[in-house]
Each structure stands twice: as C-alpha cells, then as structure tokens.
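The next block holds one structure in the form of structure tokens; read it before the comments.
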Amino acid sequence: MKVISYNLRKNRAISELVNLISRYEPDAVCLQEADTPELPRDIGNLRLADSTQRNRLGLAIYYRDDRYDAVDTQAFALKKSMHDRVLRPAYERLLGSRLTDRELGRDVIVASFHAAPLTALNSLRRNQIRTAHEELHRMGPGIPTLMVGDYNYPVFKNGLTQRVQNRGYDLTLSDARTYTRYKFFRGHFDFATSIGLEIGNVATLPRGLSDHMPILVNSTYGSTARRDDAGSETAGTNDFAI
C-alpha cells in the first residue's frame, strides 16, 4: 500500500494534491492542517473517506475506491495541550479509516495523526501517540495498522522508538528530514508508526508550499490475520502487497 502524508500548512498546499496523486499514484492520502469544509469529495482517483469537523486545522483521509471500501471512519480527541485550550477548537488529533481491500479480502486501518505543537512537552505527545494506538486497536483488533502524520517530535526519537516498540509497534523515519524551515527545529517531524505491516521505505517528497515536506510510505502485509468470509480475523502467514 502506498500512502502519502502531508501537513498542508493551514491549507496552503491544497492545490498540490492533484499533482502528487497523479505522480505517485498512492492508495491513500492522509492530510493534516486542512480546511475540511472546503475539501472536495474526490481528488484525482481518490475518494474522501472522511474528515474532522471540530478543528480549526483539520484531518482528512482519501482512498482509492476502485480497490478499497471504507467500512468505518472515526475521529478521536486526544489529551489537550495548552495550545489546544487557548487556540480552540482543536479537539480531534486522530482520524482513522478501516479499509477493506476487495482484491485480497483483507482489512487495513490507515490513520492521519497530528500531535500537539512544540510548545507542549514530549511527554504529552507520547501520551497522544499511545492513546492513538489504543483507539485504532479498538477500531479493529489484530488488523494491520498504519498511522502517519505530523508527530512534532524532532528530538529524542530513540526513546520514543523504544516506547513504541514496547507496545508492539514499529516507528519508521523517512529518508530525509521533513521540516527545515526553522533554524532550531529541523528534523523528521513527519513519519510512520505501524503494526502488522512491513514498511519497505518512507520517502521524503520534494518541498512544496507547506513548511512540511510530504512523505510517501510503501508497505506490505506482514504475518497478520486475514479476514474470513464471516468478517472475523484468522491467522495467516502470507505477505501481500497492499
């Protein structure tokens, strides 16, 4: 599965999505800082699964409806930072979509995540990441899950990686920094955490109108459950490209 994640910088980069989708042909696109009331139903060959409705800077997920069915999409409120309390509304920092791959008869959860800004502590962002993983697990226990977005976590990533791995997830950085606009806050702000998937690579795409660079995540199914005809999950060991 090819998934693009892009922080649009208060919707400034919205015009770039058509070209990104045409050039890289993703299966899904996860957006942060989108003006969700203005989002079109379709961009290129992708259909809007859903978007947040209660944020100034919203989240959205688009997917290939010629291959996938969006069977469930949920938005989640995570622990608030002082920034969230002052610059309201900023309720929903996670949007997850459960997609069914009609070709392979498998489900996967794709999520767009936007952590609290750098004015908050890393401990609060770790809380948000942990809670986000828990909420996505409740959406579909045992289902392969990919959470991408703006983690706002430029330093001390080794500690974060260990904490994420202790909960069974993988953390994968992109092949180049995704944020270089400010002198003291450069680094990998945008990356992926996953479970039940093999991450082939995470590529940082060329800079556009945003202060973040988009990333492209390539993944395959790992040794995970496979959906049976009754819709439940059974163990499987095959690798499938998704």
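Residue numbering restarts at 1 in every chain; chains get A, B, ... in the order shown in the structure tokens, and ligands count up from 1 in that same order.
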
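By chain and then residue number, the residues within 9 Å of Glu92 in chain A are Thr52, Gln53, Arg54, Asn55, Gly58, Leu59, Ala75, Phe76, Ala77, Leu78, Pro89, Leu95 and His114 of chain A, counting only C-alpha atoms and disregarding those fewer than 3 positions away in sequence.
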
Long-range neighbours of Thr161 in chain A as an MDAnalysis selection string, 12 Å cut-off, only C-alpha atoms, 5 positions minimum in chain: chainID A and resid 126 129:130 153 155:156 166:173 191:194

May I ask which of the residues A:Leu205, A:Leu118, A:Leu124, A:Ile195 is the closest one to Asn152 in chain A, counting only C-alpha atoms?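 Comparing A:Leu205, A:Leu118, A:Leu124, A:Ile195 against Asn152 in chain A, the winner is A:Leu118.
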
Neighbour list for Asp69 in chain A as a list of chain:residue names, cut-off 10 Å, only C-alpha atoms, skip fewer than 5 positions in-chain: A:Ala49, A:Tyr63, A:Arg64, A:Ser97, A:Arg98, A:Leu99, A:Thr100, A:Asp101, A:Arg102, A:Asp107

Near Asn201 in chain A, counting only C-alpha atoms, which residues have an atom at most 12 Å away, once you skip same-chain residues fewer than 4 positions from it, shown as a PDB file with all heavy atoms, in the first residue's frame?
```
ATOM      1  N   MET A   1       0.849  -1.188   0.000  1.00  0.00           N
ATOM      2  CA  MET A   1       0.000   0.000   0.000  1.00  0.00           C
ATOM      3  C   MET A   1       0.883   1.236   0.000  1.00  0.00           C
ATOM      4  O   MET A   1       1.836   1.318   0.769  1.00  0.00           O
ATOM      5  CB  MET A   1      -0.901   0.013   1.240  1.00  0.00           C
ATOM      6  CG  MET A   1      -1.932   1.127   1.229  1.00  0.00           C
ATOM      7  SD  MET A   1      -2.949   1.096   2.724  1.00  0.00           S
ATOM      8  CE  MET A   1      -4.531   1.549   2.043  1.00  0.00           C
ATOM      9  N   LYS A   2       0.584   2.174  -0.838  1.00  0.00           N
ATOM     10  CA  LYS A   2       1.319   3.432  -0.883  1.00  0.00           C
ATOM     11  C   LYS A   2       0.439   4.519  -0.267  1.00  0.00           C
ATOM     12  O   LYS A   2      -0.687   4.750  -0.717  1.00  0.00           O
ATOM     13  CB  LYS A   2       1.675   3.797  -2.321  1.00  0.00           C
ATOM     14  CG  LYS A   2       2.647   2.831  -2.967  1.00  0.00           C
ATOM     15  CD  LYS A   2       3.291   3.418  -4.218  1.00  0.00           C
ATOM     16  CE  LYS A   2       2.278   3.700  -5.304  1.00  0.00           C
ATOM     17  NZ  LYS A   2       2.941   4.172  -6.552  1.00  0.00           N
ATOM     18  N   VAL A   3       0.969   5.166   0.769  1.00  0.00           N
ATOM     19  CA  VAL A   3       0.222   6.203   1.484  1.00  0.00           C
ATOM     20  C   VAL A   3       1.061   7.462   1.557  1.00  0.00           C
ATOM     21  O   VAL A   3       2.224   7.422   1.975  1.00  0.00           O
ATOM     22  CB  VAL A   3      -0.149   5.735   2.905  1.00  0.00           C
ATOM     23  CG1 VAL A   3      -0.864   6.851   3.665  1.00  0.00           C
ATOM     24  CG2 VAL A   3      -1.031   4.493   2.853  1.00  0.00           C
ATOM     25  N   LEU A 171       8.373   2.120  14.487  1.00  0.00           N
ATOM     26  CA  LEU A 171       8.473   3.532  14.128  1.00  0.00           C
ATOM     27  C   LEU A 171       9.466   3.643  12.980  1.00  0.00           C
ATOM     28  O   LEU A 171      10.594   3.164  13.091  1.00  0.00           O
ATOM     29  CB  LEU A 171       8.924   4.364  15.325  1.00  0.00           C
ATOM     30  CG  LEU A 171       8.944   5.887  15.154  1.00  0.00           C
ATOM     31  CD1 LEU A 171       8.808   6.571  16.530  1.00  0.00           C
ATOM     32  CD2 LEU A 171      10.216   6.398  14.473  1.00  0.00           C
ATOM     33  N   THR A 172       9.037   4.255  11.877  1.00  0.00           N
ATOM     34  CA  THR A 172       9.884   4.354  10.688  1.00  0.00           C
ATOM     35  C   THR A 172      10.004   5.807  10.259  1.00  0.00           C
ATOM     36  O   THR A 172       9.005   6.454   9.942  1.00  0.00           O
ATOM     37  CB  THR A 172       9.306   3.518   9.530  1.00  0.00           C
ATOM     38  OG1 THR A 172       8.976   2.215   9.985  1.00  0.00           O
ATOM     39  CG2 THR A 172      10.314   3.429   8.395  1.00  0.00           C
ATOM     40  N   LEU A 173      11.243   6.307  10.249  1.00  0.00           N
ATOM     41  CA  LEU A 173      11.509   7.661   9.776  1.00  0.00           C
ATOM     42  C   LEU A 173      11.656   7.661   8.263  1.00  0.00           C
ATOM     43  O   LEU A 173      11.919   6.631   7.644  1.00  0.00           O
ATOM     44  CB  LEU A 173      12.780   8.208  10.413  1.00  0.00           C
ATOM     45  CG  LEU A 173      12.813   8.302  11.938  1.00  0.00           C
ATOM     46  CD1 LEU A 173      14.151   8.861  12.389  1.00  0.00           C
ATOM     47  CD2 LEU A 173      11.671   9.154  12.469  1.00  0.00           C
ATOM     48  N   SER A 174      11.521   8.817   7.675  1.00  0.00           N
ATOM     49  CA  SER A 174      11.711   8.952   6.239  1.00  0.00           C
ATOM     50  C   SER A 174      13.194   9.065   5.918  1.00  0.00           C
ATOM     51  O   SER A 174      14.040   9.193   6.813  1.00  0.00           O
ATOM     52  CB  SER A 174      10.957  10.174   5.712  1.00  0.00           C
ATOM     53  OG  SER A 174      11.390  11.346   6.370  1.00  0.00           O
ATOM     54  N   ASP A 175      13.515   9.025   4.631  1.00  0.00           N
ATOM     55  CA  ASP A 175      14.916   9.010   4.218  1.00  0.00           C
ATOM     56  C   ASP A 175      15.585  10.380   4.257  1.00  0.00           C
ATOM     57  O   ASP A 175      16.774  10.498   3.985  1.00  0.00           O
ATOM     58  CB  ASP A 175      15.044   8.406   2.813  1.00  0.00           C
ATOM     59  CG  ASP A 175      14.187   9.134   1.780  1.00  0.00           C
ATOM     60  OD1 ASP A 175      13.588  10.191   2.104  1.00  0.00           O
ATOM     61  OD2 ASP A 175      14.087   8.636   0.644  1.00  0.00           O
ATOM     62  N   ALA A 176      14.840  11.418   4.587  1.00  0.00           N
ATOM     63  CA  ALA A 176      15.403  12.762   4.725  1.00  0.00           C
ATOM     64  C   ALA A 176      14.511  13.557   5.663  1.00  0.00           C
ATOM     65  O   ALA A 176      13.351  13.195   5.902  1.00  0.00           O
ATOM     66  CB  ALA A 176      15.507  13.460   3.361  1.00  0.00           C
ATOM     67  N   PHE A 191       6.418  11.096  10.133  1.00  0.00           N
ATOM     68  CA  PHE A 191       6.879   9.729   9.951  1.00  0.00           C
ATOM     69  C   PHE A 191       5.727   8.770  10.180  1.00  0.00           C
ATOM     70  O   PHE A 191       4.558   9.184  10.188  1.00  0.00           O
ATOM     71  CB  PHE A 191       8.090   9.418  10.848  1.00  0.00           C
ATOM     72  CG  PHE A 191       7.970   9.831  12.289  1.00  0.00           C
ATOM     73  CD1 PHE A 191       7.390   8.986  13.226  1.00  0.00           C
ATOM     74  CD2 PHE A 191       8.468  11.059  12.721  1.00  0.00           C
ATOM     75  CE1 PHE A 191       7.311   9.343  14.562  1.00  0.00           C
ATOM     76  CE2 PHE A 191       8.385  11.435  14.057  1.00  0.00           C
ATOM     77  CZ  PHE A 191       7.800  10.573  14.977  1.00  0.00           C
ATOM     78  N   ALA A 192       6.039   7.491  10.342  1.00  0.00           N
ATOM     79  CA  ALA A 192       5.006   6.461  10.410  1.00  0.00           C
ATOM     80  C   ALA A 192       5.236   5.556  11.606  1.00  0.00           C
ATOM     81  O   ALA A 192       6.376   5.224  11.945  1.00  0.00           O
ATOM     82  CB  ALA A 192       5.002   5.624   9.128  1.00  0.00           C
ATOM     83  N   LEU A 197       2.461  -4.699   9.618  1.00  0.00           N
ATOM     84  CA  LEU A 197       2.871  -4.325   8.269  1.00  0.00           C
ATOM     85  C   LEU A 197       4.387  -4.342   8.170  1.00  0.00           C
ATOM     86  O   LEU A 197       5.085  -4.059   9.145  1.00  0.00           O
ATOM     87  CB  LEU A 197       2.360  -2.931   7.899  1.00  0.00           C
ATOM     88  CG  LEU A 197       0.851  -2.739   7.802  1.00  0.00           C
ATOM     89  CD1 LEU A 197       0.516  -1.260   7.750  1.00  0.00           C
ATOM     90  CD2 LEU A 197       0.293  -3.455   6.581  1.00  0.00           C
ATOM     91  N   ILE A 215       5.447  12.936   2.800  1.00  0.00           N
ATOM     92  CA  ILE A 215       6.161  11.666   2.819  1.00  0.00           C
ATOM     93  C   ILE A 215       5.313  10.619   2.100  1.00  0.00           C
ATOM     94  O   ILE A 215       4.086  10.708   2.065  1.00  0.00           O
ATOM     95  CB  ILE A 215       6.494  11.195   4.243  1.00  0.00           C
ATOM     96  CG1 ILE A 215       5.225  11.000   5.085  1.00  0.00           C
ATOM     97  CG2 ILE A 215       7.462  12.154   4.911  1.00  0.00           C
ATOM     98  CD1 ILE A 215       5.478  10.354   6.436  1.00  0.00           C
ATOM     99  N   LEU A 216       6.006   9.616   1.536  1.00  0.00           N
ATOM    100  CA  LEU A 216       5.351   8.511   0.847  1.00  0.00           C
ATOM    101  C   LEU A 216       5.781   7.213   1.517  1.00  0.00           C
ATOM    102  O   LEU A 216       6.961   6.871   1.522  1.00  0.00           O
ATOM    103  CB  LEU A 216       5.736   8.497  -0.625  1.00  0.00           C
ATOM    104  CG  LEU A 216       5.240   7.306  -1.459  1.00  0.00           C
ATOM    105  CD1 LEU A 216       3.720   7.256  -1.490  1.00  0.00           C
ATOM    106  CD2 LEU A 216       5.804   7.375  -2.880  1.00  0.00           C
ATOM    107  N   VAL A 217       4.817   6.489   2.090  1.00  0.00           N
ATOM    108  CA  VAL A 217       5.081   5.242   2.801  1.00  0.00           C
ATOM    109  C   VAL A 217       4.696   4.062   1.915  1.00  0.00           C
ATOM    110  O   VAL A 217       3.573   3.994   1.403  1.00  0.00           O
ATOM    111  CB  VAL A 217       4.285   5.171   4.117  1.00  0.00           C
ATOM    112  CG1 VAL A 217       4.612   3.891   4.879  1.00  0.00           C
ATOM    113  CG2 VAL A 217       4.549   6.397   4.979  1.00  0.00           C
ATOM    114  N   ASN A 218       5.629   3.139   1.718  1.00  0.00           N
ATOM    115  CA  ASN A 218       5.374   1.900   0.984  1.00  0.00           C
ATOM    116  C   ASN A 218       5.366   0.748   1.974  1.00  0.00           C
ATOM    117  O   ASN A 218       6.331   0.566   2.728  1.00  0.00           O
ATOM    118  CB  ASN A 218       6.453   1.660  -0.078  1.00  0.00           C
ATOM    119  CG  ASN A 218       6.318   2.598  -1.254  1.00  0.00           C
ATOM    120  OD1 ASN A 218       5.534   2.353  -2.153  1.00  0.00           O
ATOM    121  ND2 ASN A 218       7.090   3.686  -1.246  1.00  0.00           N
ATOM    122  N   SER A 219       4.293  -0.041   1.979  1.00  0.00           N
ATOM    123  CA  SER A 219       4.183  -1.122   2.945  1.00  0.00           C
ATOM    124  C   SER A 219       3.583  -2.365   2.316  1.00  0.00           C
ATOM    125  O   SER A 219       2.933  -2.301   1.265  1.00  0.00           O
ATOM    126  CB  SER A 219       3.322  -0.692   4.143  1.00  0.00           C
ATOM    127  OG  SER A 219       1.986  -0.454   3.731  1.00  0.00           O
ATOM    128  N   THR A 220       3.815  -3.505   2.961  1.00  0.00           N
ATOM    129  CA  THR A 220       3.194  -4.770   2.578  1.00  0.00           C
ATOM    130  C   THR A 220       2.645  -5.417   3.833  1.00  0.00           C
ATOM    131  O   THR A 220       3.101  -5.136   4.954  1.00  0.00           O
ATOM    132  CB  THR A 220       4.189  -5.727   1.902  1.00  0.00           C
ATOM    133  OG1 THR A 220       5.277  -5.970   2.796  1.00  0.00           O
ATOM    134  CG2 THR A 220       4.714  -5.144   0.608  1.00  0.00           C
TER     135      THR A 220
END
```

Could you write out, as a PyMOL selection string, all the residues of range 59-215 of chain A that DSSP marks as strand (DSSP E)? chain A and resi 59-64+68-77+92-101+106-114+145-150+170-172+190-195+197-204+215

Of the candidates A:Gln74, A:Asn45, A:Asn158, A:Thr180, which one gets nearest to Ser22 in chain A if we count only C-alpha atoms? A:Asn45

Quick one: distance from CA of Asp50 in chain A to CA of Tyr62 in chain A in Å, one decimal?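 These two atoms are separated by 7.5 Å.
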
If you run DSSP on the backbone here, which positions in range 52-201 of chain A get alpha helix (DSSP H)? Please write them as number ranges by chain. A: 82-86, 122-139, 157-166

For the residues in the current selection, export N, CA, C and O atoms as a CSV table (one decimal), in the first residue's frame.
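Just written: result-v2.csv:
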```
chain,number,residue,atom,x,y,z
A,82,MET,N,-1.8,23.0,26.2
A,82,MET,CA,-2.2,24.4,26.4
A,82,MET,C,-2.6,25.1,25.2
A,82,MET,O,-3.5,25.9,25.1
A,83,HIS,N,-1.8,24.8,24.1
A,83,HIS,CA,-2.1,25.3,22.8
A,83,HIS,C,-3.5,25.0,22.3
A,83,HIS,O,-4.3,25.9,21.8
A,84,ASP,N,-4.0,23.8,22.6
A,84,ASP,CA,-5.3,23.4,22.2
A,84,ASP,C,-6.4,24.1,23.0
A,84,ASP,O,-7.4,24.4,22.5
A,85,ARG,N,-6.1,24.4,24.3
A,85,ARG,CA,-7.0,25.0,25.1
A,85,ARG,C,-7.2,26.5,24.8
A,85,ARG,O,-8.3,27.1,24.9
A,86,VAL,N,-6.1,27.1,24.4
A,86,VAL,CA,-6.1,28.6,24.0
A,86,VAL,C,-6.6,28.8,22.6
A,86,VAL,O,-7.5,29.7,22.4
A,122,ASN,N,7.3,16.7,25.3
A,122,ASN,CA,7.3,15.4,24.6
A,122,ASN,C,6.5,14.4,25.4
A,122,ASN,O,5.9,13.5,24.8
A,123,SER,N,6.4,14.5,26.7
A,123,SER,CA,5.6,13.5,27.5
A,123,SER,C,4.1,13.6,27.0
A,123,SER,O,3.4,12.6,27.0
A,124,LEU,N,3.6,14.8,26.7
A,124,LEU,CA,2.2,14.9,26.3
A,124,LEU,C,2.1,14.3,24.9
A,124,LEU,O,1.1,13.5,24.7
A,125,ARG,N,3.0,14.5,24.0
A,125,ARG,CA,2.9,13.9,22.7
A,125,ARG,C,3.0,12.3,22.8
A,125,ARG,O,2.3,11.6,22.1
A,126,ARG,N,3.9,11.8,23.7
A,126,ARG,CA,3.9,10.4,23.9
A,126,ARG,C,2.6,9.8,24.4
A,126,ARG,O,2.1,8.8,23.9
A,127,ASN,N,1.9,10.6,25.2
A,127,ASN,CA,0.6,10.2,25.7
A,127,ASN,C,-0.4,10.2,24.5
A,127,ASN,O,-1.2,9.2,24.4
A,128,GLN,N,-0.3,11.2,23.6
A,128,GLN,CA,-1.2,11.2,22.5
A,128,GLN,C,-0.9,10.0,21.5
A,128,GLN,O,-1.9,9.4,21.0
A,129,ILE,N,0.3,9.7,21.3
A,129,ILE,CA,0.7,8.6,20.4
A,129,ILE,C,0.2,7.3,21.0
A,129,ILE,O,-0.4,6.5,20.3
A,130,ARG,N,0.4,7.1,22.3
A,130,ARG,CA,0.0,5.8,23.0
A,130,ARG,C,-1.6,5.7,22.9
A,130,ARG,O,-2.1,4.7,22.5
A,131,THR,N,-2.3,6.8,23.2
A,131,THR,CA,-3.7,6.8,23.1
A,131,THR,C,-4.2,6.5,21.7
A,131,THR,O,-5.2,5.8,21.5
A,132,ALA,N,-3.6,7.2,20.8
A,132,ALA,CA,-4.0,7.0,19.4
A,132,ALA,C,-3.9,5.5,19.0
A,132,ALA,O,-4.8,5.0,18.3
A,133,HIS,N,-2.8,4.9,19.3
A,133,HIS,CA,-2.6,3.4,19.0
A,133,HIS,C,-3.7,2.6,19.7
A,133,HIS,O,-4.2,1.7,19.1
A,134,GLU,N,-4.0,2.9,20.9
A,134,GLU,CA,-5.1,2.2,21.6
A,134,GLU,C,-6.4,2.4,20.9
A,134,GLU,O,-7.2,1.4,20.8
A,135,GLU,N,-6.8,3.6,20.5
A,135,GLU,CA,-8.0,3.8,19.8
A,135,GLU,C,-8.1,3.1,18.5
A,135,GLU,O,-9.1,2.5,18.2
A,136,LEU,N,-7.0,3.1,17.8
A,136,LEU,CA,-7.0,2.4,16.5
A,136,LEU,C,-7.1,0.9,16.7
A,136,LEU,O,-7.8,0.2,15.9
A,137,HIS,N,-6.5,0.4,17.8
A,137,HIS,CA,-6.7,-1.1,18.1
A,137,HIS,C,-8.1,-1.4,18.3
A,137,HIS,O,-8.6,-2.5,17.9
A,138,ARG,N,-8.8,-0.5,19.0
A,138,ARG,CA,-10.2,-0.8,19.3
A,138,ARG,C,-11.1,-0.8,18.0
A,138,ARG,O,-12.1,-1.4,18.0
A,139,MET,N,-10.6,0.0,17.0
A,139,MET,CA,-11.3,0.0,15.7
A,139,MET,C,-11.3,-1.3,15.1
A,139,MET,O,-12.2,-1.7,14.4
A,157,LYS,N,14.2,10.8,19.6
A,157,LYS,CA,13.4,9.8,18.9
A,157,LYS,C,13.8,8.4,19.4
A,157,LYS,O,13.0,7.5,19.2
A,158,ASN,N,15.0,8.2,19.8
A,158,ASN,CA,15.4,6.9,20.3
A,158,ASN,C,14.5,6.4,21.4
A,158,ASN,O,14.1,5.2,21.5
A,159,GLY,N,14.3,7.3,22.3
A,159,GLY,CA,13.4,7.0,23.5
A,159,GLY,C,12.0,6.7,23.0
A,159,GLY,O,11.3,5.8,23.5
A,160,LEU,N,11.5,7.5,22.1
A,160,LEU,CA,10.2,7.3,21.5
A,160,LEU,C,10.1,5.9,20.8
A,160,LEU,O,9.1,5.2,21.0
A,161,THR,N,11.1,5.6,20.0
A,161,THR,CA,11.1,4.4,19.3
A,161,THR,C,11.0,3.2,20.2
A,161,THR,O,10.3,2.3,20.0
A,162,GLN,N,11.8,3.3,21.3
A,162,GLN,CA,11.8,2.2,22.3
A,162,GLN,C,10.4,2.0,22.9
A,162,GLN,O,9.9,0.9,23.1
A,163,ARG,N,9.8,3.1,23.3
A,163,ARG,CA,8.4,3.1,23.9
A,163,ARG,C,7.4,2.5,22.9
A,163,ARG,O,6.5,1.7,23.3
A,164,VAL,N,7.5,2.9,21.7
A,164,VAL,CA,6.6,2.4,20.6
A,164,VAL,C,6.8,0.9,20.4
A,164,VAL,O,5.8,0.2,20.3
A,165,GLN,N,8.0,0.5,20.3
A,165,GLN,CA,8.3,-0.9,20.1
A,165,GLN,C,7.9,-1.8,21.3
A,165,GLN,O,7.4,-2.9,21.1
A,166,ASN,N,7.9,-1.2,22.5
A,166,ASN,CA,7.5,-2.0,23.7
A,166,ASN,C,6.0,-2.3,23.6
A,166,ASN,O,5.5,-3.2,24.3
```

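Here CA of Phe113 in chain A stands at a distance of 4.7 Å from CA of Gly149 in chain A.
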
Leu57 in chain A surroundings by only C-alpha atoms, 7 Å radius, close-in-sequence under 6 positions cut, as a ChimeraX atom specification: /A:10,33-35

Let's have the selection written as a compact mmCIF listing (two decimals), in the first residue's frame, with C-alpha atoms.
```txt
# COMPACT_ATOMS: atom_id res chain seq x y z
CA LYS A 10 -3.14 25.80 7.14
CA GLU A 33 -3.95 21.20 8.72
CA ALA A 34 -6.66 21.02 6.08
CA ASP A 35 -9.61 23.38 5.71
```

List as an MDAnalysis selection string the protein and nucleic acid residues near Asn11 in chain A, meaning an atom at most 12 Å away when only C-alpha atoms are counted, but skip any in the same chain fewer than 5 places from it. chainID A and resid 6 16:17 31:39 56:60 209:212

How many Å lie between CA of Ile109 in chain A and CA of Val18 in chain A, rounded to one decimal?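 Going from CA of Ile109 in chain A over to CA of Val18 in chain A, I get 23.4 Å.
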
Please list as a PyMOL selection string every residue within 10 Å of Leu46 in chain A, counting only C-alpha atoms and excluding residues in the same chain fewer than 5 positions away. chain A and resi 18+21+25-29+41+61-66
